[in-house]
Each structure stands twice: as C-alpha cells, then as structure tokens.
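Data block for upload_18.csv (CSV, C-alpha atoms and all ligand atoms):
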```csv
chain,number,residue,atom,x,y,z
A,1,MET,CA,0.0,0.0,0.0
A,2,THR,CA,1.3,3.5,-0.9
A,3,LEU,CA,1.4,5.7,2.1
A,4,ALA,CA,1.1,8.8,-0.1
A,5,ILE,CA,-2.5,8.0,-1.0
A,6,LEU,CA,-3.8,7.3,2.5
A,7,ALA,CA,-5.4,10.7,3.1
A,8,LYS,CA,-5.6,14.3,2.0
A,9,PRO,CA,-2.3,15.8,3.4
A,10,GLU,CA,-4.0,18.1,6.0
A,11,GLU,CA,-5.7,15.0,7.4
A,12,LEU,CA,-2.4,13.1,7.5
A,13,SER,CA,-2.6,9.7,9.1
A,14,ASP,CA,-0.4,9.3,12.2
A,15,LEU,CA,1.4,6.5,10.4
A,16,ARG,CA,2.3,8.7,7.4
A,17,LEU,CA,3.3,11.6,9.6
A,18,THR,CA,5.6,9.4,11.7
A,19,GLU,CA,7.2,8.1,8.5
A,20,LEU,CA,7.7,11.7,7.2
A,21,MET,CA,9.0,13.0,10.6
A,22,ASN,CA,11.5,10.1,10.8
A,23,ARG,CA,12.6,10.7,7.3
A,24,SER,CA,13.2,14.4,8.0
A,25,GLY,CA,15.2,13.7,11.2
A,26,HIS,CA,12.6,14.9,13.7
A,27,ASN,CA,11.0,13.1,16.6
A,28,PRO,CA,7.4,12.4,15.4
A,29,ASP,CA,6.0,13.6,18.8
A,30,ASP,CA,7.9,16.8,18.7
A,31,PHE,CA,6.0,19.7,17.1
A,32,ALA,CA,8.0,22.2,19.1
A,33,VAL,CA,8.1,25.5,17.2
A,34,SER,CA,11.7,26.2,16.1
A,35,HIS,CA,11.0,28.9,13.4
A,36,ARG,CA,11.0,32.6,14.4
A,37,PRO,CA,8.8,34.6,12.0
A,38,VAL,CA,10.6,37.3,10.2
A,39,LEU,CA,9.4,40.9,9.7
A,40,LEU,CA,6.3,39.8,11.7
A,41,LYS,CA,5.0,43.2,12.7
A,42,GLU,CA,6.0,44.9,9.4
A,43,SER,CA,4.3,42.3,7.2
A,44,VAL,CA,1.1,41.9,9.3
A,45,ASP,CA,0.7,45.7,9.7
A,46,ASN,CA,1.0,46.2,6.0
A,47,LEU,CA,-1.8,43.8,5.3
A,48,LEU,CA,-4.2,46.4,6.8
A,49,LEU,CA,-6.3,43.7,8.5
A,50,GLN,CA,-10.1,44.2,8.2
A,51,GLU,CA,-12.7,43.1,10.8
A,52,GLY,CA,-14.2,39.9,9.4
A,53,GLY,CA,-11.7,39.7,6.6
A,54,THR,CA,-10.3,36.6,4.9
A,55,TYR,CA,-6.5,36.3,4.5
A,56,VAL,CA,-4.2,33.8,2.8
A,57,ASP,CA,-0.9,32.8,4.4
A,58,GLY,CA,0.6,31.1,1.4
A,59,THR,CA,3.7,29.8,3.2
A,60,THR,CA,2.3,28.9,6.7
A,61,GLY,CA,5.4,27.0,7.8
A,62,GLN,CA,5.0,26.6,11.6
A,63,GLY,CA,2.3,29.2,11.7
A,64,GLY,CA,4.1,32.3,13.1
A,65,HIS,CA,2.5,34.8,10.7
A,66,SER,CA,-0.8,33.0,10.7
A,67,GLU,CA,-1.0,33.2,14.4
A,68,ALA,CA,-0.2,37.0,14.4
A,69,ILE,CA,-3.0,37.6,11.9
A,70,LEU,CA,-5.5,35.5,13.9
A,71,ARG,CA,-4.6,37.2,17.1
A,72,ALA,CA,-4.7,40.8,15.7
A,73,GLU,CA,-7.3,43.4,16.3
A,74,PRO,CA,-9.5,44.0,14.4
A,75,GLN,CA,-10.5,40.3,14.4
A,76,VAL,CA,-10.3,38.6,11.0
A,77,LYS,CA,-12.7,35.9,10.1
A,78,THR,CA,-10.4,33.3,8.4
A,79,VAL,CA,-6.8,32.6,7.6
A,80,LEU,CA,-6.3,30.1,4.8
A,81,GLY,CA,-2.9,28.6,5.6
A,82,ILE,CA,-1.1,26.9,2.7
A,83,ASP,CA,2.2,25.0,2.9
A,84,TRP,CA,3.8,22.4,0.7
A,85,ASP,CA,5.3,20.6,3.6
A,86,PRO,CA,2.8,18.4,5.6
A,87,ARG,CA,5.2,18.2,8.5
A,88,SER,CA,5.2,22.0,8.9
A,89,MET,CA,1.5,22.1,8.4
A,90,LYS,CA,1.0,19.6,11.2
A,91,SER,CA,3.1,21.7,13.5
A,92,ALA,CA,1.1,24.8,12.5
A,93,GLN,CA,-2.2,23.1,13.1
A,94,ALA,CA,-1.1,22.1,16.6
A,95,ARG,CA,-0.1,25.7,17.3
A,96,LEU,CA,-3.3,27.2,15.9
A,97,ALA,CA,-5.8,24.6,17.3
A,98,GLU,CA,-7.2,27.3,19.6
A,99,PHE,CA,-8.5,29.3,16.6
A,100,GLY,CA,-10.7,26.4,15.5
A,101,SER,CA,-12.3,26.8,12.1
A,102,ARG,CA,-10.9,30.3,11.7
A,103,PHE,CA,-7.6,28.6,10.6
A,104,VAL,CA,-8.2,26.6,7.4
A,105,PRO,CA,-5.2,24.4,6.5
A,106,ALA,CA,-4.4,23.5,2.9
A,107,THR,CA,-1.3,21.4,2.1
A,108,GLY,CA,-0.2,22.3,-1.4
A,109,ASN,CA,1.7,24.7,-3.6
A,110,TYR,CA,0.9,28.4,-3.1
A,111,ALA,CA,1.0,28.7,-6.9
A,112,ASP,CA,-2.3,26.7,-6.8
A,113,MET,CA,-3.8,29.1,-4.3
A,114,ALA,CA,-6.9,29.8,-6.3
A,115,VAL,CA,-7.8,26.1,-6.6
A,116,LEU,CA,-6.9,25.4,-3.0
A,117,ALA,CA,-9.0,28.4,-1.9
A,118,ALA,CA,-12.0,27.5,-4.1
A,119,GLY,CA,-12.0,23.9,-2.8
A,120,ARG,CA,-12.6,25.4,0.7
A,121,GLY,CA,-15.3,27.8,-0.5
A,122,ILE,CA,-13.0,30.9,-0.7
A,123,THR,CA,-13.1,32.9,-3.9
A,124,ILE,CA,-12.0,36.4,-2.9
A,125,VAL,CA,-9.7,37.5,-0.1
A,126,ASP,CA,-8.6,40.7,1.6
A,127,GLY,CA,-4.9,40.0,1.8
A,128,VAL,CA,-2.2,37.5,0.9
A,129,LEU,CA,1.2,37.0,2.6
A,130,LEU,CA,4.1,35.0,1.1
A,131,ASP,CA,7.2,34.4,3.3
A,132,LEU,CA,9.3,32.6,0.8
A,133,GLY,CA,12.0,29.9,1.1
A,134,PHE,CA,12.4,27.5,4.0
A,135,SER,CA,12.0,27.5,7.7
A,136,SER,CA,14.3,26.7,10.6
A,137,LEU,CA,12.3,23.5,11.2
A,138,GLN,CA,13.3,22.4,7.6
A,139,ILE,CA,16.9,23.6,7.6
A,140,GLU,CA,17.6,22.0,11.0
A,141,GLY,CA,16.0,18.6,10.1
A,142,ALA,CA,18.7,16.5,8.5
A,143,GLY,CA,16.3,14.5,6.4
A,144,TYR,CA,15.2,17.5,4.4
A,145,GLY,CA,18.7,17.6,3.0
A,146,LEU,CA,18.7,21.4,2.9
A,147,SER,CA,21.7,22.1,5.0
A,148,PHE,CA,25.5,21.5,4.6
A,149,GLN,CA,25.8,21.7,8.3
A,150,VAL,CA,24.0,18.5,9.1
A,151,ASP,CA,24.7,15.4,7.1
A,152,GLY,CA,21.7,13.8,5.5
A,153,PRO,CA,20.3,12.5,2.2
A,154,LEU,CA,20.3,14.8,-0.8
A,155,ASP,CA,16.6,15.4,-0.9
A,156,MET,CA,15.7,19.2,-0.6
A,157,ARG,CA,12.0,18.8,-1.4
A,158,TYR,CA,9.5,20.8,0.6
A,159,ASP,CA,6.8,18.5,-0.7
A,160,PRO,CA,8.0,15.0,0.4
A,161,ASP,CA,6.2,13.5,-2.6
A,162,GLY,CA,7.6,16.1,-5.1
A,163,PRO,CA,8.8,14.6,-8.4
A,164,LEU,CA,12.5,15.7,-8.3
A,165,THR,CA,15.2,15.4,-5.6
A,166,ALA,CA,18.7,17.0,-5.4
A,167,GLU,CA,20.2,13.5,-5.6
A,168,GLU,CA,18.6,13.0,-8.9
A,169,ILE,CA,19.9,16.3,-10.3
A,170,VAL,CA,23.5,15.8,-9.2
A,171,ASN,CA,23.6,12.2,-10.4
A,172,THR,CA,21.7,12.3,-13.7
A,173,TYR,CA,22.1,15.8,-15.2
A,174,SER,CA,24.8,16.3,-17.8
A,175,GLU,CA,27.9,18.4,-16.8
A,176,HIS,CA,26.6,21.3,-18.8
A,177,GLU,CA,23.0,21.1,-17.3
A,178,LEU,CA,24.3,20.8,-13.8
A,179,GLY,CA,26.8,23.7,-14.3
A,180,GLN,CA,23.9,25.9,-15.7
A,181,VAL,CA,21.8,25.1,-12.6
A,182,ILE,CA,24.5,26.0,-10.2
A,183,ARG,CA,25.5,29.2,-12.1
A,184,ARG,CA,21.9,30.4,-12.8
A,185,PHE,CA,20.2,29.6,-9.5
A,186,GLY,CA,23.2,29.9,-7.2
A,187,GLU,CA,24.7,32.9,-9.1
A,188,GLU,CA,27.9,30.8,-8.6
A,189,PRO,CA,30.6,31.9,-11.1
A,190,ARG,CA,32.5,28.6,-10.7
A,191,GLY,CA,29.4,26.5,-11.4
A,192,MET,CA,31.0,24.7,-14.3
A,193,SER,CA,34.1,23.6,-12.3
A,194,ILE,CA,31.8,22.5,-9.5
A,195,ALA,CA,29.7,20.4,-11.9
A,196,ARG,CA,32.8,18.8,-13.3
A,197,ALA,CA,34.0,17.8,-9.8
A,198,ILE,CA,30.6,16.5,-8.9
A,199,ILE,CA,30.4,14.3,-12.0
A,200,LYS,CA,33.9,12.8,-11.2
A,201,GLU,CA,32.6,11.8,-7.7
A,202,ARG,CA,29.3,10.3,-8.7
A,203,PRO,CA,27.3,8.8,-7.1
A,204,VAL,CA,26.8,11.7,-4.7
A,205,THR,CA,24.2,10.9,-2.1
A,206,THR,CA,24.6,13.0,1.0
A,207,THR,CA,24.7,16.7,1.9
A,208,GLY,CA,28.1,16.2,3.6
A,209,GLN,CA,29.6,14.6,0.5
A,210,LEU,CA,28.3,17.4,-1.7
A,211,ALA,CA,29.6,20.1,0.6
A,212,SER,CA,33.1,18.6,0.7
A,213,ILE,CA,33.2,18.3,-3.1
A,214,VAL,CA,32.2,22.0,-3.5
A,215,GLY,CA,34.6,23.0,-0.7
A,216,ALA,CA,37.5,21.2,-2.4
A,217,VAL,CA,36.8,23.1,-5.7
A,218,LEU,CA,36.4,26.6,-4.1
A,219,GLY,CA,38.6,26.4,-1.1
A,220,ARG,CA,38.0,28.8,1.8
A,221,ARG,CA,39.7,32.1,2.0
A,222,PRO,CA,41.1,32.9,5.5
A,223,GLY,CA,38.3,34.6,7.5
A,224,GLN,CA,35.6,33.7,5.0
A,225,ARG,CA,32.4,33.3,7.1
A,226,VAL,CA,30.0,32.0,4.4
A,227,ASN,CA,30.4,28.3,3.7
A,228,PRO,CA,31.6,27.9,0.1
A,229,ALA,CA,28.8,25.4,-0.6
A,230,THR,CA,26.0,28.0,0.2
A,231,ARG,CA,25.4,29.0,-3.4
A,232,THR,CA,25.4,25.4,-4.7
A,233,PHE,CA,22.9,24.4,-2.1
A,234,GLN,CA,20.7,27.4,-2.9
A,235,ALA,CA,20.9,26.5,-6.6
A,236,LEU,CA,19.8,22.9,-6.1
A,237,ARG,CA,17.0,23.8,-3.7
A,238,ILE,CA,15.6,26.3,-6.2
A,239,ALA,CA,15.8,23.8,-9.0
A,240,VAL,CA,14.2,20.9,-7.0
A,241,ASN,CA,11.3,23.0,-5.8
A,242,ASP,CA,11.0,25.1,-9.1
A,243,GLU,CA,11.0,28.1,-6.8
A,244,LEU,CA,11.4,30.9,-9.2
A,245,PHE,CA,8.6,29.7,-11.5
A,246,ASN,CA,6.4,29.2,-8.4
A,247,VAL,CA,7.0,32.7,-7.2
A,248,GLU,CA,5.9,34.1,-10.6
A,249,ARG,CA,2.8,31.8,-10.6
A,250,GLY,CA,2.1,32.5,-6.9
A,251,LEU,CA,2.1,36.3,-7.5
A,252,ASP,CA,-0.4,35.9,-10.3
A,253,ALA,CA,-2.6,33.6,-8.3
A,254,ALA,CA,-2.6,36.1,-5.3
A,255,VAL,CA,-3.5,39.1,-7.5
A,256,GLY,CA,-6.3,37.0,-9.0
A,257,LEU,CA,-7.8,36.2,-5.6
A,258,LEU,CA,-7.4,39.7,-4.1
A,259,ALA,CA,-10.4,42.0,-3.6
A,260,PRO,CA,-10.0,45.6,-4.7
A,261,GLY,CA,-8.0,47.4,-2.0
A,262,GLY,CA,-6.6,44.0,-0.7
A,263,ARG,CA,-2.9,43.9,0.1
A,264,LEU,CA,-0.1,41.5,-1.1
A,265,ALA,CA,3.0,41.3,1.1
A,266,VAL,CA,5.9,39.3,0.0
A,267,ILE,CA,9.1,38.5,2.0
A,268,SER,CA,12.1,37.2,0.0
A,269,TYR,CA,15.5,36.1,1.0
A,270,HIS,CA,17.7,36.3,-2.0
A,271,SER,CA,18.2,38.6,-5.0
A,272,LEU,CA,16.8,36.2,-7.6
A,273,GLU,CA,13.4,36.1,-5.8
A,274,ASP,CA,13.4,39.8,-5.0
A,275,ARG,CA,14.1,40.7,-8.7
A,276,ILE,CA,11.1,38.7,-9.8
A,277,ILE,CA,8.8,40.4,-7.2
A,278,LYS,CA,10.1,43.8,-8.0
A,279,SER,CA,9.6,43.4,-11.8
A,280,TYR,CA,6.2,41.8,-11.3
A,281,PHE,CA,5.0,44.7,-9.1
A,282,ASN,CA,6.4,47.2,-11.6
A,283,ARG,CA,4.8,45.5,-14.6
A,284,GLU,CA,1.4,45.1,-12.9
A,285,ALA,CA,1.5,48.7,-11.6
A,286,ALA,CA,2.4,50.2,-15.0
A,287,THR,CA,-0.1,52.4,-16.7
A,288,CYS,CA,1.6,52.0,-20.1
A,289,VAL,CA,3.7,49.1,-21.5
A,290,CYS,CA,4.2,50.4,-25.0
A,291,PRO,CA,7.7,50.2,-26.4
A,292,PRO,CA,9.7,53.3,-25.6
A,293,GLY,CA,9.6,55.9,-28.4
A,294,LEU,CA,6.0,55.4,-29.5
A,295,PRO,CA,4.4,58.8,-30.0
A,296,VAL,CA,1.0,57.8,-28.6
A,297,CYS,CA,0.1,55.1,-26.1
A,298,ASN,CA,-1.8,52.2,-27.7
A,299,CYS,CA,-1.4,49.4,-25.2
A,300,SER,CA,-4.6,50.0,-23.2
A,301,GLN,CA,-2.8,48.6,-20.2
A,302,THR,CA,-5.0,48.5,-17.0
A,303,PRO,CA,-2.8,48.5,-13.9
A,304,GLN,CA,-3.8,45.8,-11.4
A,305,LEU,CA,-1.5,46.9,-8.5
A,306,ARG,CA,-0.4,50.0,-6.7
A,307,ILE,CA,3.1,49.7,-5.2
A,308,ILE,CA,3.0,50.6,-1.5
A,309,ASN,CA,6.8,50.7,-0.8
A,310,ARG,CA,9.3,51.5,-3.6
A,311,ARG,CA,12.1,50.8,-1.1
A,312,VAL,CA,12.2,47.4,0.4
A,313,ILE,CA,11.4,47.0,4.1
A,314,LYS,CA,14.3,45.3,5.9
A,315,PRO,CA,14.6,43.8,9.4
A,316,SER,CA,15.8,46.2,12.1
A,317,SER,CA,19.3,45.7,13.6
A,318,GLU,CA,17.6,44.4,16.8
A,319,GLU,CA,15.7,41.7,14.8
A,320,ILE,CA,18.9,40.7,12.9
A,321,GLU,CA,20.8,40.5,16.2
A,322,SER,CA,18.2,38.3,17.8
A,323,ASN,CA,17.5,36.3,14.7
A,324,PRO,CA,20.4,36.3,12.3
A,325,ARG,CA,18.5,34.2,9.8
A,326,SER,CA,16.4,37.3,9.1
A,327,ARG,CA,19.4,39.3,7.8
A,328,SER,CA,18.7,38.9,4.1
A,329,ALA,CA,14.9,39.4,4.3
A,330,LYS,CA,13.2,42.0,2.1
A,331,LEU,CA,9.5,42.9,2.3
A,332,ARG,CA,7.6,44.3,-0.7
A,333,VAL,CA,3.9,45.3,-0.5
A,334,ALA,CA,1.4,46.1,-3.2
A,335,GLN,CA,-2.3,46.8,-3.2
A,336,ARG,CA,-4.9,45.5,-5.6
A,337,ILE,CA,-6.6,48.3,-7.5
A,401,LIG,C1,10.1,31.0,5.6
A,401,LIG,S1,9.1,29.6,5.8
A,401,LIG,C2,7.6,30.3,6.4
A,401,LIG,C3,7.6,30.5,7.9
A,401,LIG,C4,6.3,31.0,8.4
A,401,LIG,N1,5.9,32.3,7.9
A,401,LIG,C5,6.3,31.0,10.0
A,401,LIG,O1,6.3,32.1,10.5
A,401,LIG,O2,6.3,30.0,10.6
A,401,LIG,C6,8.6,29.2,4.2
A,401,LIG,C7,7.6,28.1,4.0
A,401,LIG,O3,7.2,28.1,2.7
A,401,LIG,C8,7.0,26.7,2.3
A,401,LIG,N2,7.0,26.7,0.8
A,401,LIG,C9,8.1,26.9,0.0
A,401,LIG,N3,7.7,26.9,-1.3
A,401,LIG,C10,6.3,26.6,-1.3
A,401,LIG,C11,5.3,26.5,-2.3
A,401,LIG,N4,5.6,26.6,-3.6
A,401,LIG,N5,4.0,26.3,-1.9
A,401,LIG,C12,3.7,26.2,-0.6
A,401,LIG,N6,4.6,26.3,0.4
A,401,LIG,C13,5.9,26.5,0.1
A,401,LIG,C14,8.1,25.9,2.9
A,401,LIG,O4,7.7,24.6,3.1
A,401,LIG,C15,8.2,26.7,4.3
A,401,LIG,O5,7.4,26.1,5.3
```

Here is a file; write its structure as structure tokens.
Ligand SMILES: C[S@@+](CC[C@H](N)C(=O)[O-])C[C@H]1O[C@@H](n2cnc3c(N)ncnc32)[C@H](O)[C@@H]1O
Amino acid sequence: MTLAILAKPEELSDLRLTELMNRSGHNPDDFAVSHRPVLLKESVDNLLLQEGGTYVDGTTGQGGHSEAILRAEPQVKTVLGIDWDPRSMKSAQARLAEFGSRFVPATGNYADMAVLAAGRGITIVDGVLLDLGFSSLQIEGAGYGLSFQVDGPLDMRYDPDGPLTAEEIVNTYSEHELGQVIRRFGEEPRGMSIARAIIKERPVTTTGQLASIVGAVLGRRPGQRVNPATRTFQALRIAVNDELFNVERGLDAAVGLLAPGGRLAVISYHSLEDRIIKSYFNREAATCVCPPGLPVCNCSQTPQLRIINRRVIKPSSEEIESNPRSRSAKLRVAQRI
C-alpha cells in the first residue's frame, strides 16, 4: 500500500506523519516551534487587516505569521494557511488549534492558491502573505537535505512527494546542465568547475559529500564566514522546488484572488526572488507598457496593482541581532486596484 494516497495531506494519518518525521530527522512527537517569524509586525501591519476579513498565508510554515494575523485586532474571520510541507502544516495546526475553524489548512503549492481556496469555499480574499523559502524546522531537520551543516540524504524537497530530488539532479544531469543550474540559480561563477568535480565523484548521495566536493573546488579564504557550498545548495534547492517559477505563478494567483484594496505582502531572502517580485510589481502597476519611443500610447494597459513601498522594508538591527536568519529578508507590499 502506498502511504502517499492514504489521506488528504492536511488530514495526514499518524502513520504517514511518523514516517515523514522520521525521514526528516525529527522526533514524530515533537512539534515544538523552532522557526521565528521574520518581519512579523511589518508584514502583518502592511496587510491592513479588516474586521471579518479573509486572508491567505501562502507559506504557513510553523504558523508564526498566521498566528499573528489570527490574534490581531480587528478580528479577522479566516486565515487560509497553505504550505507544501505536511510536517510543517501539522506543526502549524497544533499551534493554531485554539482558533478552531478560523484557521483553514491546505497542504499544497501556493501557486495553486486559487484552486486550494476554491476547494474550501473561498473565492475572494482581503490579503495575501508570502514568506518565501524554507523555515528553521526544515533547515535543522537532517532528512530534508537542505543544509550543509547536518549530514543527510540529498533530498531538498519541501513537498515530500515532489517529483525531483537534489540527488537525482546531481547524479543524472549532464555536466553542462548541472553547471547551468549552479550558475543560474546559485549565481555561482565557478558553477561549471563544481559540476565537473561532482560528476567525477558520482554517485553523490549526502549533503556532507556534496559540501566537501564544493569545498575542495572553491577552497575557503582565510576569514571567509560564508560556507563555500552555500550558493550550490541554494541552486539545487531552487531547482528541486522550481522556486522561481512558483514565485511568478504565486504572485499571479494572489493578484487573481485579491479583492480591490486588498494587500499582497511578500518577504524574500535572495536577489533572484526579489528581482522577480520587483519586476512583477512594476509590470502590474504600470499604466503603459508600450515600447519606448511610440508617440502615442496604444497598449490599453490596465494596472492591477499600486506599489506601497518602492524601497524594500528590511529587518531592524535588533531583529537581525536576535534572529540572524532574518538578515537577508526584504519585504515588498502592493495593493490590488
Ligand atoms: C520561511 S518559511 C515560512 C515561515 C512562516 N511564515 C512562519 O512564521 O512559521 C517558508 C515556508 O514556505 C513553504 N514553501 C516553499 N515553497 C512553497 C510553495 N511553492 N508552496 C507552498 N509552500 C511553500 C516551505 O515549506 C516553508 O514552510
């Protein structure tokens, strides 16, 4: 019997959950919250919560932002909480149990937000939050394979049933394809050399093995604080989870669901994501998209968004000091016209 078809993910059977928690290196009974929500006040304040409103937390994780929205005054009616990772969702559900049916869980891809919402009777919402990337729960769990600091299988999927693992990429892609992935998604200038070294060492099956191959290619300058494998791990994670494509689709889905006046708040953690969000907001806020030089506008563009902050909102020095993982966060906010 395939465990994957036992139940809808938000109604995970205990058996399936135990199997997933074991695989990810967590004690199945331990739903302790380990992720500290980033830019919490800034993002929730910017959603301009409405009494009786409905909100989507597209990346619920362990539920930190969802909880803040549900606790806020004025009191919102519903938070639809989406996450691809059923382990995180289970943790969020335990945390948010006190809110009863005001928290509506949906395990799935935020890019499919419209379908996930419609399946739960929600067709229009007052705000959407996306807090991209991964959580502390995921980076600290060896079985996710997201970290070079803990040795584990080269998995990297947020969705444990997703079609592609990092192990498959490093062991089956051609040298050219692998080099392109590392260069493009990791912005790693030595991507081709790293790909060549990986291919020589195949099969590569653990995060530790991959980190030492990358370390041997790049070396470590005296005093260098960032692990040399950081960019390669970022690249593989983005490729495995098709992250950039999902961001673009997720923004579209969010704009499609938002009521006029509703807010979209997006927190990103690296420049590839931030560039997509910035150019998406600019495009959807533009009043004219005619090629430059045309004497008269003939594009009949209707802007969908109004940009709320042209300059990104960043964590305060106090937040960075108390939660160093927040240091690269950038918040952009737009309003549906
Ligand atoms: C930074 S964490 C969110 C943390 C959360 N805001 C909190 O306070 O606990 C990002 C979450 O997004 C999820 N995620 C990443 N890509 C996703 C996607 N395409 N669809 C749904 N969830 C996704 C990850 O599984 C992870 O739990």

* Asked: So which one's closest to ligand LIG 401 (chain A), A:Leu164, A:Ile122, A:Ile82, A:Leu210? Using only C-alpha atoms and all ligand atoms, please.
  -> A:Ile82

Would you write out, as CSV, a table of all residues in chain A that have an atom no more than 6 Å from an atom of ligand LIG 401 (chain A), listing for each the closest atom pair and the distance in Å to one decimal, considering all atoms listed in the file and ordering rows by chain and rising residue number?
```
residue,atom,partner,partner_atom,distance
A:His35,CA,A:LIG401,O2,5.6
A:Pro37,CA,A:LIG401,O1,3.8
A:Thr59,CA,A:LIG401,O3,3.9
A:Thr60,CA,A:LIG401,C4,4.8
A:Gly61,CA,A:LIG401,O5,3.3
A:Gln62,CA,A:LIG401,O2,3.8
A:Gly63,CA,A:LIG401,O2,4.2
A:Gly64,CA,A:LIG401,O1,3.4
A:His65,CA,A:LIG401,O1,4.7
A:Ile82,CA,A:LIG401,C12,5.9
A:Asp83,CA,A:LIG401,N6,3.7
A:Trp84,CA,A:LIG401,N6,4.0
A:Asp85,CA,A:LIG401,O4,4.7
A:Ser88,CA,A:LIG401,O5,5.9
A:Gly108,CA,A:LIG401,C12,5.6
A:Asn109,CA,A:LIG401,N5,3.3
A:Tyr110,CA,A:LIG401,N5,3.9
A:Asp131,CA,A:LIG401,C1,5.0
A:Leu132,CA,A:LIG401,C6,4.9
A:Gly133,CA,A:LIG401,C6,4.7
A:Phe134,CA,A:LIG401,C6,4.2
A:Ser135,CA,A:LIG401,S1,4.1
A:Tyr158,CA,A:LIG401,O4,4.9
A:Asn246,CA,A:LIG401,N4,5.5
```

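Considering all atoms listed in the file, the residue among A:Ala142, A:Ala235, A:Ala211, A:Leu80 positioned nearest to Val181 in chain A is A:Ala235.
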
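Shortest separation to Gln335 in chain A among A:Leu48, A:Ile238, A:Ile277, A:Ala111 occurs at residue A:Leu48, atoms counted being all atoms listed in the file.
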
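Among the candidates A:Gln138, A:Gln75, A:Gln234, A:Ser34, the residue lying nearest to Gln50 in chain A is A:Gln75 (atoms considered: all atoms listed in the file).
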
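When only C-alpha atoms are used to compute distances to Arg87 in chain A, the closest of the residues A:Glu168, A:Asp159, A:Glu175, A:Glu201 turns out to be A:Asp159.
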
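Each of A:Leu218, A:Ile194, A:Val38, A:Leu257 was checked against Ile124 in chain A using only C-alpha atoms; the smallest atom-to-atom distance is that of A:Leu257.
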
What are the centre and the three edge lengths of an axis-aligned box that wraps all atoms of range 47-62 of chain A in the file, given that 3 Å is added to every side, written as lines of an AutoDock Vina configuration file and rounded to one decimal in Å?
```
center_x = -4.4
center_y = 36.5
center_z = 6.5
size_x = 25.6
size_y = 25.8
size_z = 16.2
```

* Find the residues around Leu331 in chain A up to 6 Å (all atoms listed in the file counted), leave out those fewer than 3 positions away in its own chain, and share them as JSON, numbers by chain. => {"A": [266, 267, 312, 313]}

Identify the residues around (15.2, 43.8, 10.1) within a radius of 7 Å, measuring from only C-alpha atoms in the coordinates stated by the file, and give them as a PDB file with C-alpha atoms, keeping the file's coordinate frame.
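Result went into result_23.pdb, see below:
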```pdb
ATOM      1  CA  LEU A  39       9.400  40.900   9.700  1.00  0.00           C
ATOM      2  CA  LYS A 314      14.300  45.300   5.900  1.00  0.00           C
ATOM      3  CA  PRO A 315      14.600  43.800   9.400  1.00  0.00           C
ATOM      4  CA  SER A 316      15.800  46.200  12.100  1.00  0.00           C
ATOM      5  CA  SER A 317      19.300  45.700  13.600  1.00  0.00           C
ATOM      6  CA  GLU A 319      15.700  41.700  14.800  1.00  0.00           C
ATOM      7  CA  ILE A 320      18.900  40.700  12.900  1.00  0.00           C
ATOM      8  CA  SER A 326      16.400  37.300   9.100  1.00  0.00           C
ATOM      9  CA  ARG A 327      19.400  39.300   7.800  1.00  0.00           C
TER      10      ARG A 327
END
```

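The coordinates place CA of Leu130 in chain A at 21.4 Å from CA of Gly186 in chain A.
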
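For Ala195 in chain A, the list of residues within 6 Å, based on only C-alpha atoms and with local chain neighbours fewer than 3 positions off taken out, reads Glu175, Leu178, Gly179, Met192 and Ile198 of chain A.
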
* Residues at most 7 Å from Tyr269 in chain A, counting all atoms listed in the file, excluding those fewer than 6 positions away in the same chain, as an MDAnalysis selection string? -> chainID A and resid 328:330

* **Nearby residues (all atoms listed in the file) at most 12 Å from Glu140 in chain A, same-chain spacing under 2 positions excluded, as a PyMOL selection string** => chain A and resi 24-26+33-35+134-138+142-152

* **Coordinates-based distance that separates CA of Ser271 in chain A from CA of Ala117 in chain A (Å, one decimal)** => 29.2 Å

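Summary of the local environment: counting only C-alpha atoms, residues at most 8 Å from Ala253 in chain A, other than itself and those fewer than 3 positions away along its chain, are Ala111, Asp112, Met113, Ala114, Arg249, Gly250, Gly256 and Leu257 of chain A.
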